[in-house]
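Enquirer: Dropping the structure in here first, questions after.
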Amino acid sequence: MYTNTIAIEKATDFSSVRLSYTNYNAKGLLPNSSLKKNIVMLNGQWNINKKLTVTGTANYIKQNGKGRNATGYNGNITTNFRQWQQTSLDFLDQKTAYDLTKRNLTWNYNTALNYPKYSNNPYWDAYENYETDTRNRFIGNVSLNYKVNPWLDVFGRMSADTYYELQEERRAVGSVSMRFGLANVPDRVTSGYIRRDNTFSEYNFDLMLKFNKKLSQDFSLNGILGFNERRTNNTYFSNATNGGLLVPGIYSLQNSRGPLPLPLEVNQIVGVRSQFASVSLGYKDYLFLDGTYRLDYASTLPVNKNKYQYPSVTGAFLFSNVIKTPWLSFGKLRLNYAQVGNLAGFDQLKDVYLVNSPMNGANTQLPPSKRSPNLKNERTNSVEAGLEMSFLNGRVGFDVALYKTNSLDQIIPLTVSQTTGFQNLMINAGKIENKGIEIVLDANPVKAGDFKWDVSVNWSKNRNKVISLYPGITNLRLNSVNLQGGVTVNAAVGEPYGVIKGKDFTYDDDGKIIIDAESGTPVLTSSAAIPIGNFTPDFNAGILNMFSYKNLSLSALIDIQKGGDIWSLDMYYGMSSGLYPETAFINDLGNPVRDPIAWNDPDDPTKGYATSSGGYIIEGVNVDADGVSTPNKTRVDATNADAFGAGLMPHSAFIYDASYIKLREVVLSYNIPSRLLGKSFLKGASFSVVGSNLWIIHKNLPYADPESGMTAGNIQGYTTGSLPTTRDFTFNIKLNF
Amino acid sequence: MKKIFIILSVFLAISSCSKLEDLNLNKKDFATVSGESLYNGATLQFINQLSNESVNSNVTLMWMQHLANTTYFDESRYDMTTRGIPVTTSNVTYRLVLNNYKEAAAVLKVQPLAGISQAQRDNQLAIVEIMTIFAWSYVVENFGDMPYSQALDYNYPSPVYDDALTIYKDLVSRLDVAMNTITPGAGGMPAGYDNIFGGEDDEASMWYKFANTLKVRMGLMLYDVDQSYSKTVVEAAVTDVFEEGDVMSMHYLSAAPNQNQQYVDFVASGRDDYVITSNLIDAMQPTSPEPEHVILKVTITDPRLKFYAIPVIGSNPQVYLGGAQGQSNGYTSFSHVNPIHLTPDRPWTIMDYTEAEFLLAEAAERGFSVIGTAEDHYNNAVRSSILFWGGTSAEADTYLAQPSVAYSTAFTDWKQKIGTQAWLAYWLRGNTLWNSYRRLDYPRLFAPPDYKQGINKVPVRLFYPVSEQTLNPDNYNAASTKIGGDSPLTKLFFDKEIY
């Protein structure tokens, strides 16, 4: 992977211009995967006269991706690696087989038909079934600033951000059958092609009057009166072949074996018109008061509720400018109250129907989501108090902030029982409270000559809680789709946010796990809604150490998370399939656990197990009909799947503490002193080496980075098939000519 | 200053140009659709759910021990939670089927098709109502108590569960109302929208006969709990059920995606997931040595065997061999489903004359007033089944003449006589098989040795959808307690026999 940037810039008394070009080229972790970017950026400013200034930027980004790895459960090779893959399989053999034949030859071949039974050759997947995506993006703006008089500016700006994106997915003829195609045509096919075209644009027009006036010796006033007009327009089109490809190797909708399904077409336009004002008042150099007010008019809300306003006010007291003592170098107290309003998404007010492929006559259905004509805007109210102080000429300092945010009327698709006839209802959710504390400590323990050591420590803790939700609903299920494995992530009214629920062991009165005496397996709860964890961490922290000596500097950042739970589908399935070393130990009798169960007398189990017996005993108790517990002595057979994970153990056995301590980043940099460059053509040069994700010093989740999580969607507390976290080293060379 | 005016005028031009709310217009999707298109979509979804045999959505053909697996045998061992079969069953039926039927009826009432008679309008509404009742009966027969009175109404985001017997009786009375509004010969859905009876000469009469046959079945389902009710309902309906040659089936298309679901799963998928069980094969041909639990001993080969199955590929001489229920079976070692059933546009049978005759035989045995004897109806049913699947009348005569099949000599218990032959006849119709099995308690089917999750008998209901535990917890808990525990072995309201 490399990034090269070259930039030229020139400034004169009345103008400046900068042109840069960046080329980014990265190979992915998997074969035949890459990401390339070419970026051209032009910035310019021209002072037409003393009063009028024109500025503009133009930024063009072309991006090409190829072979991005699928995320989540399906079609993701790391899911295989973590959950199912035979550990005896030599991937180099698979590579050789593919390279020599360019065919989908695998270890799991189907004798009768000679195609794979369950899995493609991974090199076939990489070199034949790859995706590609390209994106052409333009971001630019033009602005004019007119200085009417020394205290008043008129500023106008037009900006655009627009891109076109094409994604294509392929399944080569001869692949294993899987669901592939449009979501509403869910047939399994052995080949196919999908394309998705996405065009997006956002335009903003701003006009602002800016005031800046010192009212008197003690009072200063800044203010803005502004207008904004915003439009976003998103057009999406997608279609896929139906029933497979006719001719191998041609990835085109025209190559569909069956008639093309009805395509997916989306056109979403959103407009917002805003008027806003802000004032900053300053008294002397220590009292500051900022106020803002905004009125939005949004296209996506019902006509009688589409205008909403929201203010904010911030006060700051720089008491170090009042109390002048030698030990206090800086002191500031701030209080902030802010409201923010937000609009709904496009077309959430009226129901529309879905149209499926005709079944002779037209074939339609209600949509999964019930929209609401009564939506109102979202609001968040936040209060924050902060104290920032530093002492001893700034060598020691801290910044403490306490905050509380109430989200009111959040517009969410509330997942409901489908006995309602719908998957979710678009609602304004009641009230979700979010409060926390953030602390930053800075210190400069050593400062001697050219040597300097700085330390910065931060610590934060955050708590979310659902105060009220919706009439008749007491639990918000955060996962909108069912998660593989069957756990759920929840926020119940009155309870902390992020409760993971699933099945648990059952326990006797002494808290011992109950084991079925006949099978030797644990007796699980019938309910799959037992709280087994919570993804919210106890706290997060970071420690940054920086050392510098003359032109050389070194810094190291350590990140810490304490607590928070994560449920691992990888372990749930991997332990069941026998992938992990924990499933192949020497048992209490000194035999391989995978050996079959052996009895002294197969016809009379009371004579006990033979000394050569395999299997293992799960620690727990057998409870008889009278409720009397005796230690479990029944062995579980481990010759087949389901002896350690899914199918035997409850979800609660695969919940892990997501705590970690990581050496996140180390940076070593050196600026070549200008005297060394002398009269060469170089004006400046610097080198740096950055190492990222260097070391997970401590974690409790086996075989995976607790942060990697589920790479698709926004579900926290759940991990499946995550790509391994990469340790990255970056070498930067910066030369100024 | 002039430039400011230019900027300002640009803004004014933009700001005054549009009412923003007009932007929120969805130009791509339909704000209204026809009632018949909703009916058509819902019916397709419903029959797909009934007819597919995927381990992910409907496993009744495995539970009724017609199909055994090659690899994915967990569902044959009664693990229905890993792949979420109850969730799929409930979500499909409530959201994709019932709510769309409800919408179809509402739209048909306010926007009837132009130029049709009042009688045809009434027939269309009756068709929607009859299918709605059929879908509701499917829900209750799967789960027992479920949301009904507050269901399909977003004003009740957590609907209460209603008593299953009360729902069932309400459905029967709704069926009477719907039948009363049918005018024979007045037509039904517009061409192309009824893919069940749309091609029939008098589709309205066919719908009427289906409603009556369904009513007989529902009435018989309640015999164990309310005999007098059962008698009244059945006797009112027995006179106008499906007649010889009547087959109610879904007519699938040859082009994807609306194809026969068994074709999709067995053939289009390119997978080799199923073989036929030894239970079925052994009951259709003389077997030696005799297996432990043979369901029916025959002295001549069932004429339907060659149409149901194909011999083991490459066997010489050709043999039919079934795989073991609940175990992993080699695909090439056992008999497969005959490919004649597995073509894209193969119609799938929902209900037929054969089933009507088995139901009448059962009604006669219950002592209800029915024209003809139980034996007549039994013989008609078996003969109809053999002819339907491709056998000849002579083959049917020979088959019926053997002592283990002939009504007078077959088994001592009439339930076993009818139950066994019904089990042989309802080929590829998992839910019909399961209903018949739970009602008659025959043939006796046993759990495979490696059953899962303590479910040591053939399930008699589905678990409640697990999503209800987090999305509708209070009502779920109340209903679980009321029905006697959320277990697949909890006998439902109609199921009183202890076995």
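By convention in this document, the chains of the structure tokens carry letters A, B, ... by their order, each chain's residues are numbered from 1, and ligands are numbered from 1 in the order they are shown.
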For chain B, list the residues within 7 Å of chain A, counting only C-alpha atoms, and write the list as a PyMOL selection string.
Expert: chain B and resi 7+20-21+23-26+28-31+37-38+40-41+82+91+94-95+99-100+147+151-154+157-158+192-193+255-258+268-270+466+468-472
Enquirer: Quick one: everything within 12 Å of segment 260-265 of chain B, counting only C-alpha atoms, minus sequence neighbours fewer than 6 positions away in the same chain. Send it as JSON, numbers by chain.
Expert: {"A": [177, 178, 179, 185, 186, 187, 188, 189, 243, 359], "B": [44, 45, 46, 47, 48, 49, 50, 51, 52, 53, 54, 55, 56, 57, 58, 61, 249, 250, 251, 252, 253, 254, 271, 272, 273, 274, 337, 338, 339, 340, 341, 342, 343, 344, 345, 346, 347, 348, 349, 428, 429, 430]}
Enquirer: Contacts of segment 398-400 of chain B at 12 Å or less, counting only C-alpha atoms, minus same-chain residues fewer than 3 places along, as a ChimeraX atom specification?
Expert: /B:284-285,297-305,375-376,378-387,391-395,403-410,417,421
Enquirer: Mind dumping the selected residues with N, CA and C atoms as a compact mmCIF listing (two decimals), in the first residue's frame?
Expert:
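File produced: selection-v9.txt:
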# COMPACT_ATOMS: atom_id res chain seq x y z
N MET B 284 -44.30 -49.40 1.00
CA MET B 284 -44.83 -49.41 -0.37
C MET B 284 -44.37 -50.60 -1.18
N GLN B 285 -43.55 -51.45 -0.58
CA GLN B 285 -43.13 -52.65 -1.30
C GLN B 285 -42.86 -53.76 -0.29
N LYS B 297 -47.48 -53.49 5.98
CA LYS B 297 -46.89 -54.65 5.30
C LYS B 297 -47.68 -54.89 4.04
N VAL B 298 -47.03 -54.86 2.90
CA VAL B 298 -47.74 -55.14 1.65
C VAL B 298 -47.13 -56.37 1.00
N THR B 299 -47.97 -57.07 0.23
CA THR B 299 -47.48 -58.26 -0.47
C THR B 299 -47.19 -57.94 -1.92
N ILE B 300 -47.80 -56.87 -2.42
CA ILE B 300 -47.46 -56.43 -3.78
C ILE B 300 -46.97 -54.99 -3.69
N THR B 301 -46.17 -54.61 -4.66
CA THR B 301 -45.61 -53.26 -4.64
C THR B 301 -46.71 -52.24 -4.91
N ASP B 302 -46.69 -51.18 -4.11
CA ASP B 302 -47.65 -50.08 -4.28
C ASP B 302 -47.49 -49.49 -5.69
N PRO B 303 -48.59 -49.39 -6.45
CA PRO B 303 -48.46 -48.87 -7.82
C PRO B 303 -47.95 -47.43 -7.86
N ARG B 304 -48.00 -46.76 -6.74
CA ARG B 304 -47.54 -45.36 -6.72
C ARG B 304 -46.04 -45.24 -6.54
N LEU B 305 -45.39 -46.32 -6.12
CA LEU B 305 -43.97 -46.22 -5.76
C LEU B 305 -43.13 -45.69 -6.92
N GLU B 375 -66.08 -47.56 4.43
CA GLU B 375 -65.32 -48.39 3.49
C GLU B 375 -65.40 -47.84 2.07
N ASP B 376 -66.61 -47.42 1.66
CA ASP B 376 -66.75 -46.84 0.31
C ASP B 376 -65.81 -45.64 0.15
N TYR B 378 -63.23 -44.81 1.86
CA TYR B 378 -61.81 -45.24 1.96
C TYR B 378 -61.36 -45.77 0.60
N ASN B 379 -62.19 -46.67 0.02
CA ASN B 379 -61.82 -47.23 -1.28
C ASN B 379 -61.72 -46.14 -2.34
N ASN B 380 -62.68 -45.22 -2.32
CA ASN B 380 -62.64 -44.11 -3.28
C ASN B 380 -61.36 -43.30 -3.13
N ALA B 381 -60.97 -43.04 -1.87
CA ALA B 381 -59.79 -42.22 -1.61
C ALA B 381 -58.54 -42.91 -2.13
N VAL B 382 -58.38 -44.19 -1.81
CA VAL B 382 -57.17 -44.89 -2.22
C VAL B 382 -57.12 -44.98 -3.75
N ARG B 383 -58.28 -45.31 -4.33
CA ARG B 383 -58.33 -45.42 -5.80
C ARG B 383 -58.00 -44.07 -6.45
N SER B 384 -58.59 -43.03 -5.94
CA SER B 384 -58.35 -41.69 -6.49
C SER B 384 -56.86 -41.33 -6.41
N SER B 385 -56.27 -41.69 -5.29
CA SER B 385 -54.85 -41.37 -5.12
C SER B 385 -54.00 -42.11 -6.15
N ILE B 386 -54.28 -43.40 -6.32
CA ILE B 386 -53.49 -44.19 -7.27
C ILE B 386 -53.66 -43.66 -8.69
N LEU B 387 -54.90 -43.35 -9.04
CA LEU B 387 -55.14 -42.83 -10.39
C LEU B 387 -54.48 -41.47 -10.58
N GLY B 391 -51.25 -44.36 -11.60
CA GLY B 391 -51.57 -45.78 -11.65
C GLY B 391 -52.86 -46.03 -12.43
N THR B 392 -53.16 -47.32 -12.65
CA THR B 392 -54.36 -47.68 -13.40
C THR B 392 -55.43 -48.18 -12.44
N SER B 393 -56.66 -48.29 -12.97
CA SER B 393 -57.77 -48.77 -12.17
C SER B 393 -57.55 -50.22 -11.76
N ALA B 394 -56.96 -51.00 -12.68
CA ALA B 394 -56.68 -52.41 -12.35
C ALA B 394 -55.65 -52.50 -11.23
N GLU B 395 -54.66 -51.65 -11.29
CA GLU B 395 -53.65 -51.63 -10.21
C GLU B 395 -54.29 -51.26 -8.87
N PRO B 403 -54.94 -58.12 1.81
CA PRO B 403 -55.54 -58.08 3.15
C PRO B 403 -55.07 -56.91 4.01
N SER B 404 -53.82 -56.48 3.88
CA SER B 404 -53.36 -55.41 4.75
C SER B 404 -53.91 -54.05 4.32
N VAL B 405 -54.54 -54.00 3.15
CA VAL B 405 -55.10 -52.73 2.66
C VAL B 405 -56.63 -52.76 2.68
N ALA B 406 -57.19 -53.88 2.35
CA ALA B 406 -58.65 -53.99 2.30
C ALA B 406 -59.25 -53.53 3.62
N TYR B 407 -60.31 -52.70 3.51
CA TYR B 407 -60.80 -52.01 4.71
C TYR B 407 -61.21 -52.97 5.82
N SER B 408 -61.81 -54.08 5.42
CA SER B 408 -62.31 -54.99 6.45
C SER B 408 -61.19 -55.69 7.20
N THR B 409 -60.04 -55.83 6.57
CA THR B 409 -58.98 -56.63 7.19
C THR B 409 -57.73 -55.85 7.53
N ALA B 410 -57.68 -54.59 7.15
CA ALA B 410 -56.40 -53.85 7.23
C ALA B 410 -55.83 -53.79 8.66
N LYS B 417 -56.37 -47.62 9.89
CA LYS B 417 -56.66 -47.90 8.48
C LYS B 417 -56.59 -46.61 7.65
N GLN B 421 -53.35 -45.06 5.17
CA GLN B 421 -53.52 -44.81 3.74
C GLN B 421 -53.44 -43.31 3.41
Enquirer: With a distance cut-off of 12 Å and only C-alpha atoms, select the neighbouring residues of Asn622 of chain A, excluding the residue or stretch itself and same-chain residues fewer than 5 positions from it, and output the selection as a list in words.
Expert: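 Final neighbour list, sorted by chain and number: Thr506, Tyr507, Asp508, Lys512, Ile513, Ile514, Ile515, Asp516, Ala517, Glu518, Ser519, Gly520, Thr521, Pro522, Val523, Ile617, Gly627, Val628, Ser629, Thr630, Pro631, Asn632, Lys633 and Thr634 of chain A.
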Enquirer: Would you mind listing what lies within 6 Å of Asn540 of chain A as a list in words, with only C-alpha atoms counted and same-chain residues fewer than 3 positions away left out?
Expert: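 So, after excluding close chain neighbours, the residues are Trp459, Ser460, Ile560 and Gln561 of chain A.
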Enquirer: Run DSSP on the backbone and grab whatever in segment 215-444 of chain A lands in strand (DSSP E); send it over as JSON, numbers by chain.
Expert: {"A": [219, 220, 221, 222, 223, 224, 225, 226, 227, 228, 229, 230, 231, 232, 233, 234, 235, 236, 237, 238, 239, 240, 264, 265, 266, 267, 268, 269, 270, 271, 272, 273, 274, 275, 276, 277, 278, 279, 280, 281, 282, 283, 287, 288, 289, 290, 291, 292, 293, 294, 295, 296, 297, 298, 307, 308, 309, 310, 311, 312, 313, 314, 315, 316, 317, 328, 329, 330, 331, 332, 333, 334, 335, 336, 337, 338, 339, 340, 341, 342, 354, 355, 356, 357, 358, 359, 361, 362, 363, 364, 365, 369, 370, 378, 379, 380, 381, 382, 383, 384, 385, 386, 387, 388, 389, 390, 391, 396, 397, 398, 399, 400, 401, 402, 403, 404, 405, 406, 407, 408, 409, 410, 411, 412, 413, 414, 415, 424, 425, 426, 427, 428, 429, 430, 431, 432, 433, 434, 435, 436, 437, 438, 439, 440, 441, 442, 443, 444]}
Enquirer: Now that the selection is made, can you save its residues with C-alpha atoms as a short mmCIF file (atom, residue, chain, number, x, y, z; two decimals), in the first residue's frame?
Expert:
data_model
loop_
_atom_site.label_atom_id
_atom_site.label_comp_id
_atom_site.auth_asym_id
_atom_site.auth_seq_id
_atom_site.Cartn_x
_atom_site.Cartn_y
_atom_site.Cartn_z
CA PHE A 219 -17.89 44.72 25.33
CA SER A 220 -17.32 42.96 22.00
CA LEU A 221 -20.01 41.54 19.75
CA ASN A 222 -19.81 38.97 16.96
CA GLY A 223 -22.85 37.85 15.07
CA ILE A 224 -24.05 36.00 12.05
CA LEU A 225 -27.39 36.17 10.33
CA GLY A 226 -27.66 33.42 7.77
CA PHE A 227 -29.75 31.49 5.31
CA ASN A 228 -29.13 28.02 3.97
CA GLU A 229 -30.83 26.06 1.26
CA ARG A 230 -29.91 22.37 0.97
CA ARG A 231 -30.95 19.73 -1.54
CA THR A 232 -29.92 16.11 -1.63
CA ASN A 233 -30.86 13.82 -4.46
CA ASN A 234 -30.13 10.12 -4.45
CA THR A 235 -30.96 7.83 -7.33
CA TYR A 236 -30.43 4.14 -7.03
CA PHE A 237 -30.95 1.38 -9.54
CA SER A 238 -30.22 -2.28 -9.17
CA ASN A 239 -30.90 -5.41 -11.12
CA ALA A 240 -29.57 -8.92 -11.41
CA LEU A 264 -35.11 -1.92 -7.77
CA GLU A 265 -35.50 1.81 -8.40
CA VAL A 266 -35.19 4.54 -5.82
CA ASN A 267 -35.24 8.30 -6.22
CA GLN A 268 -35.03 10.29 -3.01
CA ILE A 269 -35.01 14.08 -2.85
CA VAL A 270 -34.71 15.95 0.41
CA GLY A 271 -34.75 19.70 0.86
CA VAL A 272 -34.13 21.84 3.91
CA ARG A 273 -34.41 25.61 4.16
CA SER A 274 -32.85 27.21 7.21
CA GLN A 275 -32.56 30.60 8.79
CA PHE A 276 -30.13 31.04 11.57
CA ALA A 277 -28.56 33.62 13.77
CA SER A 278 -25.75 33.56 16.24
CA VAL A 279 -24.32 36.12 18.62
CA SER A 280 -21.16 36.07 20.67
CA LEU A 281 -20.84 38.63 23.40
CA GLY A 282 -17.57 39.19 25.20
CA TYR A 283 -17.04 41.19 28.36
CA LEU A 287 -16.77 36.54 30.28
CA PHE A 288 -18.17 35.13 27.08
CA LEU A 289 -21.72 34.33 26.07
CA ASP A 290 -22.67 32.63 22.80
CA GLY A 291 -26.18 32.11 21.61
CA THR A 292 -27.55 30.51 18.46
CA TYR A 293 -30.99 30.14 17.00
CA ARG A 294 -32.01 28.13 13.99
CA LEU A 295 -35.29 27.61 12.18
CA ASP A 296 -35.48 24.71 9.75
CA TYR A 297 -38.13 23.96 7.20
CA ALA A 298 -37.84 20.37 5.97
CA LYS A 307 -40.92 23.89 10.64
CA TYR A 308 -38.96 23.54 13.83
CA GLN A 309 -36.60 25.72 15.75
CA TYR A 310 -33.78 25.09 18.10
CA PRO A 311 -31.55 27.35 20.18
CA SER A 312 -28.30 26.94 22.05
CA VAL A 313 -26.49 28.98 24.62
CA THR A 314 -22.95 28.73 25.93
CA GLY A 315 -21.33 30.68 28.68
CA ALA A 316 -17.66 30.70 29.50
CA PHE A 317 -15.80 32.27 32.38
CA LEU A 328 -2.62 29.12 37.80
CA SER A 329 -1.74 29.48 34.17
CA PHE A 330 -5.18 28.84 32.69
CA GLY A 331 -8.68 28.37 34.10
CA LYS A 332 -11.96 28.22 32.28
CA LEU A 333 -15.44 27.19 33.33
CA ARG A 334 -18.00 26.53 30.62
CA LEU A 335 -21.68 25.75 30.62
CA ASN A 336 -23.56 24.77 27.56
CA TYR A 337 -27.13 24.06 26.70
CA ALA A 338 -28.05 23.06 23.19
CA GLN A 339 -31.05 21.81 21.33
CA VAL A 340 -30.75 20.23 17.94
CA GLY A 341 -33.63 19.39 15.66
CA ASN A 342 -33.54 16.80 12.94
CA LEU A 354 -44.06 -3.45 -3.23
CA VAL A 355 -44.43 -4.88 -6.69
CA ASN A 356 -43.01 -8.37 -7.26
CA SER A 357 -42.50 -10.40 -10.41
CA PRO A 358 -45.92 -11.05 -11.95
CA MET A 359 -47.62 -14.35 -11.18
CA GLY A 361 -51.50 -11.23 -13.03
CA ALA A 362 -49.75 -8.46 -11.13
CA ASN A 363 -48.25 -9.49 -7.78
CA THR A 364 -48.08 -6.85 -5.07
CA GLN A 365 -47.71 -6.69 -1.32
CA SER A 369 -42.47 -0.96 7.32
CA LYS A 370 -45.60 0.90 8.41
CA GLU A 378 -36.39 14.69 16.28
CA ARG A 379 -34.92 16.71 19.11
CA THR A 380 -31.89 16.35 21.29
CA ASN A 381 -31.40 18.46 24.38
CA SER A 382 -27.95 18.47 25.83
CA VAL A 383 -26.39 20.09 28.84
CA GLU A 384 -22.69 20.11 29.40
CA ALA A 385 -20.51 21.59 32.10
CA GLY A 386 -16.76 21.72 31.78
CA LEU A 387 -13.80 22.90 33.79
CA GLU A 388 -10.42 23.31 32.20
CA MET A 389 -7.37 24.32 34.24
CA SER A 390 -3.66 24.25 33.88
CA PHE A 391 -0.91 25.07 36.34
CA VAL A 396 0.07 20.25 34.40
CA GLY A 397 -3.55 20.58 33.40
CA PHE A 398 -6.89 18.94 33.21
CA ASP A 399 -10.19 19.21 31.38
CA VAL A 400 -13.29 17.66 32.94
CA ALA A 401 -16.65 17.55 31.19
CA LEU A 402 -19.97 16.24 32.42
CA TYR A 403 -22.79 15.88 29.96
CA LYS A 404 -26.31 14.68 29.66
CA THR A 405 -28.14 14.36 26.39
CA ASN A 406 -31.82 13.55 26.02
CA SER A 407 -32.90 12.33 22.63
CA LEU A 408 -36.59 12.97 22.21
CA ASP A 409 -38.85 11.76 19.44
CA GLN A 410 -36.07 9.91 17.65
CA ILE A 411 -37.42 8.73 14.31
CA ILE A 412 -36.76 5.00 14.24
CA PRO A 413 -38.16 1.92 12.59
CA LEU A 414 -39.42 0.18 15.73
CA THR A 415 -39.08 -3.58 15.27
CA ASN A 424 -41.46 -2.33 11.93
CA LEU A 425 -43.34 0.87 12.57
CA MET A 426 -41.87 4.28 11.79
CA ILE A 427 -42.32 6.14 15.04
CA ASN A 428 -41.11 9.01 17.14
CA ALA A 429 -39.53 7.08 20.01
CA GLY A 430 -40.03 8.50 23.50
CA LYS A 431 -36.92 9.52 25.35
CA ILE A 432 -33.43 8.09 25.42
CA GLU A 433 -31.00 9.49 27.94
CA ASN A 434 -27.28 9.51 27.44
CA LYS A 435 -24.99 10.81 30.15
CA GLY A 436 -21.33 10.64 30.84
CA ILE A 437 -18.10 12.11 31.99
CA GLU A 438 -14.87 12.81 30.13
CA ILE A 439 -11.59 13.64 31.82
CA VAL A 440 -8.33 14.66 30.19
CA LEU A 441 -5.12 15.13 32.17
CA ASP A 442 -2.07 16.70 30.57
CA ALA A 443 1.37 16.90 32.06
CA ASN A 444 4.84 17.78 31.06
#
Enquirer: Check the DSSP output for the backbone and give back, as a PyMOL selection string, the residues of segment 261-373 of chain B in helix (DSSP H, G or I).
Expert: chain B and resi 261-268+278-282+305-308+331-333+339-341+353-365
Enquirer: Applying 10 Å and only C-alpha atoms, which residues near Thr70 of chain B remain after dropping the ones on its own chain fewer than 2 positions away? List them as a PyMOL selection string.
Expert: chain B and resi 67-68+72-73+272-275+323-324+326-332+334
Enquirer: With C-alpha atoms kept, could you save the residues just selected as a compact mmCIF listing (two decimals), in the first residue's frame?
Expert:
# COMPACT_ATOMS: atom_id res chain seq x y z
CA LEU B 67 -38.02 -37.27 3.35
CA ALA B 68 -34.66 -38.00 4.97
CA TYR B 72 -28.66 -31.19 7.20
CA PHE B 73 -30.49 -33.61 9.51
CA ASP B 272 -28.70 -32.94 -3.19
CA ASP B 273 -30.33 -32.50 0.20
CA TYR B 274 -32.98 -35.21 0.33
CA VAL B 275 -33.58 -38.91 -0.16
CA GLY B 323 -32.66 -43.67 3.89
CA ALA B 324 -32.72 -43.49 7.67
CA GLY B 326 -32.78 -38.25 11.24
CA GLN B 327 -29.43 -39.55 9.99
CA SER B 328 -26.93 -38.52 7.35
CA ASN B 329 -27.62 -40.57 4.21
CA GLY B 330 -25.42 -40.90 1.13
CA TYR B 331 -27.23 -39.23 -1.76
CA THR B 332 -26.33 -41.89 -4.30
CA PHE B 334 -30.92 -44.26 -1.74
Enquirer: Quick one: pull the distance between atom CA of Thr60 of chain B and atom CA of Ala374 of chain B, Å, one decimal.
Expert: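 A separation of 27.5 Å between them.
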Enquirer: List as a PyMOL selection string the protein and nucleic acid residues near Asn69 of chain A, meaning an atom at most 10 Å away when only C-alpha atoms are counted, but skip any in the same chain fewer than 2 places from it.
Expert: chain A and resi 28-30+33+66-67+71-72+75-78+126+130-131+723
